[in-house]
file coords.pdb (PDB, C-alpha atoms)
ATOM      1  CA  MET A   1     260.699 272.719 -32.477  1.00  0.00           C
ATOM      2  CA  ILE A   2     257.317 272.457 -30.774  1.00  0.00           C
ATOM      3  CA  GLU A   3     254.998 269.561 -31.538  1.00  0.00           C
ATOM      4  CA  PHE A   4     251.299 270.212 -31.002  1.00  0.00           C
ATOM      5  CA  GLU A   5     248.986 267.196 -30.772  1.00  0.00           C
ATOM      6  CA  LEU A   6     245.394 267.746 -31.961  1.00  0.00           C
ATOM      7  CA  LYS A   7     244.140 265.079 -29.507  1.00  0.00           C
ATOM      8  CA  GLY A   8     240.946 263.978 -31.225  1.00  0.00           C
ATOM      9  CA  HIS A   9     240.121 267.276 -32.948  1.00  0.00           C
ATOM     10  CA  ASP A  10     240.211 267.788 -36.708  1.00  0.00           C
ATOM     11  CA  PHE A  11     241.871 271.210 -36.530  1.00  0.00           C
ATOM     12  CA  ILE A  12     242.927 274.154 -34.373  1.00  0.00           C
ATOM     13  CA  ALA A  13     242.624 277.822 -35.331  1.00  0.00           C
ATOM     14  CA  LEU A  14     245.927 279.610 -35.893  1.00  0.00           C
ATOM     15  CA  ASN A  15     245.307 282.254 -33.236  1.00  0.00           C
ATOM     16  CA  ASP A  16     244.373 279.549 -30.707  1.00  0.00           C
ATOM     17  CA  LEU A  17     247.569 277.624 -31.513  1.00  0.00           C
ATOM     18  CA  LEU A  18     249.713 280.647 -30.727  1.00  0.00           C
ATOM     19  CA  LYS A  19     247.899 281.048 -27.403  1.00  0.00           C
ATOM     20  CA  VAL A  20     248.023 277.420 -26.252  1.00  0.00           C
ATOM     21  CA  THR A  21     251.721 277.120 -27.116  1.00  0.00           C
ATOM     22  CA  HIS A  22     252.338 280.278 -25.018  1.00  0.00           C
ATOM     23  CA  LEU A  23     254.023 282.133 -27.875  1.00  0.00           C
ATOM     24  CA  VAL A  24     251.704 285.109 -27.253  1.00  0.00           C
ATOM     25  CA  GLY A  25     250.097 286.367 -24.080  1.00  0.00           C
ATOM     26  CA  THR A  26     246.575 287.002 -25.331  1.00  0.00           C
ATOM     27  CA  GLY A  27     244.240 286.298 -28.222  1.00  0.00           C
ATOM     28  CA  GLY A  28     244.384 289.966 -29.149  1.00  0.00           C
ATOM     29  CA  GLU A  29     248.157 289.806 -29.433  1.00  0.00           C
ATOM     30  CA  ALA A  30     247.869 286.665 -31.572  1.00  0.00           C
ATOM     31  CA  ASN A  31     245.440 288.414 -33.923  1.00  0.00           C
ATOM     32  CA  ILE A  32     247.705 291.457 -34.294  1.00  0.00           C
ATOM     33  CA  ARG A  33     250.778 289.325 -34.973  1.00  0.00           C
ATOM     34  CA  ILE A  34     248.922 287.272 -37.580  1.00  0.00           C
ATOM     35  CA  THR A  35     247.351 290.190 -39.447  1.00  0.00           C
ATOM     36  CA  SER A  36     250.672 292.049 -39.488  1.00  0.00           C
ATOM     37  CA  GLY A  37     252.255 289.163 -41.415  1.00  0.00           C
ATOM     38  CA  GLU A  38     254.526 287.779 -38.699  1.00  0.00           C
ATOM     39  CA  VAL A  39     253.300 284.180 -39.028  1.00  0.00           C
ATOM     40  CA  ARG A  40     254.048 281.652 -41.765  1.00  0.00           C
ATOM     41  CA  VAL A  41     252.050 278.476 -42.367  1.00  0.00           C
ATOM     42  CA  ASN A  42     253.637 275.871 -44.623  1.00  0.00           C
ATOM     43  CA  ASP A  43     256.174 278.476 -45.808  1.00  0.00           C
ATOM     44  CA  VAL A  44     253.529 281.065 -46.788  1.00  0.00           C
ATOM     45  CA  VAL A  45     252.735 284.251 -44.843  1.00  0.00           C
ATOM     46  CA  GLU A  46     249.296 283.720 -43.295  1.00  0.00           C
ATOM     47  CA  THR A  47     247.017 286.615 -42.331  1.00  0.00           C
ATOM     48  CA  GLN A  48     243.813 284.665 -41.554  1.00  0.00           C
ATOM     49  CA  LYS A  49     243.428 284.723 -37.776  1.00  0.00           C
ATOM     50  CA  ARG A  50     241.144 281.672 -37.668  1.00  0.00           C
ATOM     51  CA  LYS A  51     243.021 279.651 -40.319  1.00  0.00           C
ATOM     52  CA  LYS A  52     242.256 275.995 -39.668  1.00  0.00           C
ATOM     53  CA  LEU A  53     245.440 274.061 -39.023  1.00  0.00           C
ATOM     54  CA  ARG A  54     245.404 270.315 -39.509  1.00  0.00           C
ATOM     55  CA  ALA A  55     247.852 267.488 -38.905  1.00  0.00           C
ATOM     56  CA  GLY A  56     250.994 268.013 -40.964  1.00  0.00           C
ATOM     57  CA  ASP A  57     250.821 271.816 -41.023  1.00  0.00           C
ATOM     58  CA  VAL A  58     253.963 273.691 -39.963  1.00  0.00           C
ATOM     59  CA  VAL A  59     253.785 277.145 -38.386  1.00  0.00           C
ATOM     60  CA  ILE A  60     256.780 279.454 -38.007  1.00  0.00           C
ATOM     61  CA  PHE A  61     256.557 282.382 -35.617  1.00  0.00           C
ATOM     62  CA  GLN A  62     259.424 284.388 -34.087  1.00  0.00           C
ATOM     63  CA  GLY A  63     261.945 281.780 -35.218  1.00  0.00           C
ATOM     64  CA  LYS A  64     260.026 278.943 -33.564  1.00  0.00           C
ATOM     65  CA  ARG A  65     258.697 276.027 -35.585  1.00  0.00           C
ATOM     66  CA  ILE A  66     255.422 274.386 -34.533  1.00  0.00           C
ATOM     67  CA  VAL A  67     254.422 271.100 -36.125  1.00  0.00           C
ATOM     68  CA  VAL A  68     250.761 270.120 -35.852  1.00  0.00           C
ATOM     69  CA  ARG A  69     250.289 266.377 -35.302  1.00  0.00           C
TER      70      ARG A  69
END
call {"tool": "encode", "arguments": {"input": "coords.pdb", "output": "structure tokens"}}
result
Amino acid sequence: MIEFELKGHDFIALNDLLKVTHLVGTGGEANIRITSGEVRVNDVVETQKRKKLRAGDVVIFQGKRIVVR
């Protein structure tokens, strides 16, 4: 499990989260993975690239679980 701390921000965009946690190499890759349905947010497939993630959200991608704090 990966814990991501918002550090004073209200949210982070889903594609940015995948980049900063190094689960994808580029923003373009993140966008492709999201729109192809490979990412789940709070147990629901998410296809919005810029989905705002807030504290308490859980993202699952390639078998990895990311908890936003």
call {"tool": "residues_near_point", "arguments": {"input": "coords.pdb", "point": "(248.3, 287.8, -40.0)", "cutoff": "9 Å", "atoms": "only C-alpha atoms", "output": "ChimeraX atom specification"}}
result
/A:30-40,45-49
call {"tool": "write_last_selection", "arguments": {"input": "coords.pdb", "atoms": "C-alpha atoms", "output": "CSV table (one decimal), in the frame of the given file"}}
result
chain,number,residue,atom,x,y,z
A,30,ALA,CA,247.9,286.7,-31.6
A,31,ASN,CA,245.4,288.4,-33.9
A,32,ILE,CA,247.7,291.5,-34.3
A,33,ARG,CA,250.8,289.3,-35.0
A,34,ILE,CA,248.9,287.3,-37.6
A,35,THR,CA,247.4,290.2,-39.4
A,36,SER,CA,250.7,292.0,-39.5
A,37,GLY,CA,252.3,289.2,-41.4
A,38,GLU,CA,254.5,287.8,-38.7
A,39,VAL,CA,253.3,284.2,-39.0
A,40,ARG,CA,254.0,281.7,-41.8
A,45,VAL,CA,252.7,284.3,-44.8
A,46,GLU,CA,249.3,283.7,-43.3
A,47,THR,CA,247.0,286.6,-42.3
A,48,GLN,CA,243.8,284.7,-41.6
A,49,LYS,CA,243.4,284.7,-37.8
call {"tool": "resolve_selection", "arguments": {"input": "coords.pdb", "expression": "the PyMOL selection byres ((chain A and resi 27) around 12)", "output": "list in words"}}
result
Ala13, Leu14, Asn15, Asp16, Leu17, Leu18, Lys19, Val20, Thr21, His22, Leu23, Val24, Gly25, Thr26, Gly28, Glu29, Ala30, Asn31, Ile32, Arg33, Ile34, Lys49 and Arg50 of chain A
call {"tool": "residues_near_point", "arguments": {"input": "coords.pdb", "point": "(262.2, 281.6, -33.8)", "cutoff": "12 Å", "atoms": "all atoms listed in the file", "output": "PyMOL selection string"}}
result
chain A and resi 1-2+23+38-40+59-66
call {"tool": "atom_distance", "arguments": {"input": "coords.pdb", "atom1": "CA of Gly8 in chain A", "atom2": "CA of Val41 in chain A"}}
result
21.4 Å
call {"tool": "atom_distance", "arguments": {"input": "coords.pdb", "atom1": "CA of Glu5 in chain A", "atom2": "CA of Asp43 in chain A"}}
result
20.1 Å
call {"tool": "resolve_selection", "arguments": {"input": "coords.pdb", "expression": "the PyMOL selection byres ((chain A and resi 69) around 9)", "output": "mmCIF file with C-alpha atoms, in the frame of the given file"}}
result
data_model
loop_
_atom_site.group_PDB
_atom_site.id
_atom_site.type_symbol
_atom_site.label_atom_id
_atom_site.label_comp_id
_atom_site.auth_asym_id
_atom_site.auth_seq_id
_atom_site.Cartn_x
_atom_site.Cartn_y
_atom_site.Cartn_z
ATOM 1 C CA GLU A 3 254.998 269.561 -31.538
ATOM 2 C CA PHE A 4 251.299 270.212 -31.002
ATOM 3 C CA GLU A 5 248.986 267.196 -30.772
ATOM 4 C CA LEU A 6 245.394 267.746 -31.961
ATOM 5 C CA LYS A 7 244.140 265.079 -29.507
ATOM 6 C CA ARG A 54 245.404 270.315 -39.509
ATOM 7 C CA ALA A 55 247.852 267.488 -38.905
ATOM 8 C CA GLY A 56 250.994 268.013 -40.964
ATOM 9 C CA ASP A 57 250.821 271.816 -41.023
ATOM 10 C CA VAL A 67 254.422 271.100 -36.125
ATOM 11 C CA VAL A 68 250.761 270.120 -35.852
#
call {"tool": "build_atoms", "arguments": {"input": "coords.pdb", "residues": "range 21-40 of chain A", "atoms": "N, CA and C atoms", "output": "mmCIF file, in the frame of the given file"}}
result
data_model
loop_
_atom_site.group_PDB
_atom_site.id
_atom_site.type_symbol
_atom_site.label_atom_id
_atom_site.label_comp_id
_atom_site.auth_asym_id
_atom_site.auth_seq_id
_atom_site.Cartn_x
_atom_site.Cartn_y
_atom_site.Cartn_z
ATOM 1 N N THR A 21 250.283 277.422 -27.157
ATOM 2 C CA THR A 21 251.721 277.120 -27.116
ATOM 3 C C THR A 21 252.493 278.210 -26.375
ATOM 4 N N HIS A 22 251.774 279.191 -25.835
ATOM 5 C CA HIS A 22 252.338 280.278 -25.018
ATOM 6 C C HIS A 22 253.350 281.135 -25.775
ATOM 7 N N LEU A 23 253.152 281.273 -27.082
ATOM 8 C CA LEU A 23 254.023 282.133 -27.875
ATOM 9 C C LEU A 23 253.520 283.576 -27.877
ATOM 10 N N VAL A 24 252.275 283.772 -27.453
ATOM 11 C CA VAL A 24 251.704 285.109 -27.253
ATOM 12 C C VAL A 24 250.971 285.086 -25.917
ATOM 13 N N GLY A 25 250.755 286.277 -25.379
ATOM 14 C CA GLY A 25 250.097 286.367 -24.080
ATOM 15 C C GLY A 25 248.578 286.346 -24.148
ATOM 16 N N THR A 26 248.028 286.889 -25.232
ATOM 17 C CA THR A 26 246.575 287.002 -25.331
ATOM 18 C C THR A 26 246.114 286.708 -26.753
ATOM 19 N N GLY A 27 244.815 286.489 -26.898
ATOM 20 C CA GLY A 27 244.240 286.298 -28.222
ATOM 21 C C GLY A 27 244.358 287.546 -29.070
ATOM 22 N N GLY A 28 244.238 288.703 -28.434
ATOM 23 C CA GLY A 28 244.384 289.966 -29.149
ATOM 24 C C GLY A 28 245.776 290.122 -29.728
ATOM 25 N N GLU A 29 246.775 289.755 -28.940
ATOM 26 C CA GLU A 29 248.157 289.806 -29.433
ATOM 27 C C GLU A 29 248.340 288.855 -30.604
ATOM 28 N N ALA A 30 247.780 287.648 -30.487
ATOM 29 C CA ALA A 30 247.869 286.665 -31.572
ATOM 30 C C ALA A 30 247.275 287.245 -32.851
ATOM 31 N N ASN A 31 246.108 287.847 -32.754
ATOM 32 C CA ASN A 31 245.440 288.414 -33.923
ATOM 33 C C ASN A 31 246.272 289.518 -34.575
ATOM 34 N N ILE A 32 246.866 290.374 -33.766
ATOM 35 C CA ILE A 32 247.705 291.457 -34.294
ATOM 36 C C ILE A 32 248.927 290.890 -35.005
ATOM 37 N N ARG A 33 249.576 289.927 -34.376
ATOM 38 C CA ARG A 33 250.778 289.325 -34.973
ATOM 39 C C ARG A 33 250.457 288.645 -36.303
ATOM 40 N N ILE A 34 249.312 287.978 -36.350
ATOM 41 C CA ILE A 34 248.922 287.272 -37.580
ATOM 42 C C ILE A 34 248.602 288.279 -38.684
ATOM 43 N N THR A 35 247.759 289.250 -38.395
ATOM 44 C CA THR A 35 247.351 290.190 -39.447
ATOM 45 C C THR A 35 248.493 291.087 -39.902
ATOM 46 N N SER A 36 249.531 291.233 -39.080
ATOM 47 C CA SER A 36 250.672 292.049 -39.488
ATOM 48 C C SER A 36 251.694 291.246 -40.294
ATOM 49 N N GLY A 37 251.398 289.963 -40.540
ATOM 50 C CA GLY A 37 252.255 289.163 -41.415
ATOM 51 C C GLY A 37 253.451 288.525 -40.739
ATOM 52 N N GLU A 38 253.396 288.353 -39.430
ATOM 53 C CA GLU A 38 254.526 287.779 -38.699
ATOM 54 C C GLU A 38 254.509 286.251 -38.647
ATOM 55 N N VAL A 39 253.460 285.628 -39.155
ATOM 56 C CA VAL A 39 253.300 284.180 -39.028
ATOM 57 C C VAL A 39 253.304 283.529 -40.413
ATOM 58 N N ARG A 40 254.029 282.424 -40.517
ATOM 59 C CA ARG A 40 254.048 281.652 -41.765
ATOM 60 C C ARG A 40 253.442 280.276 -41.498
#
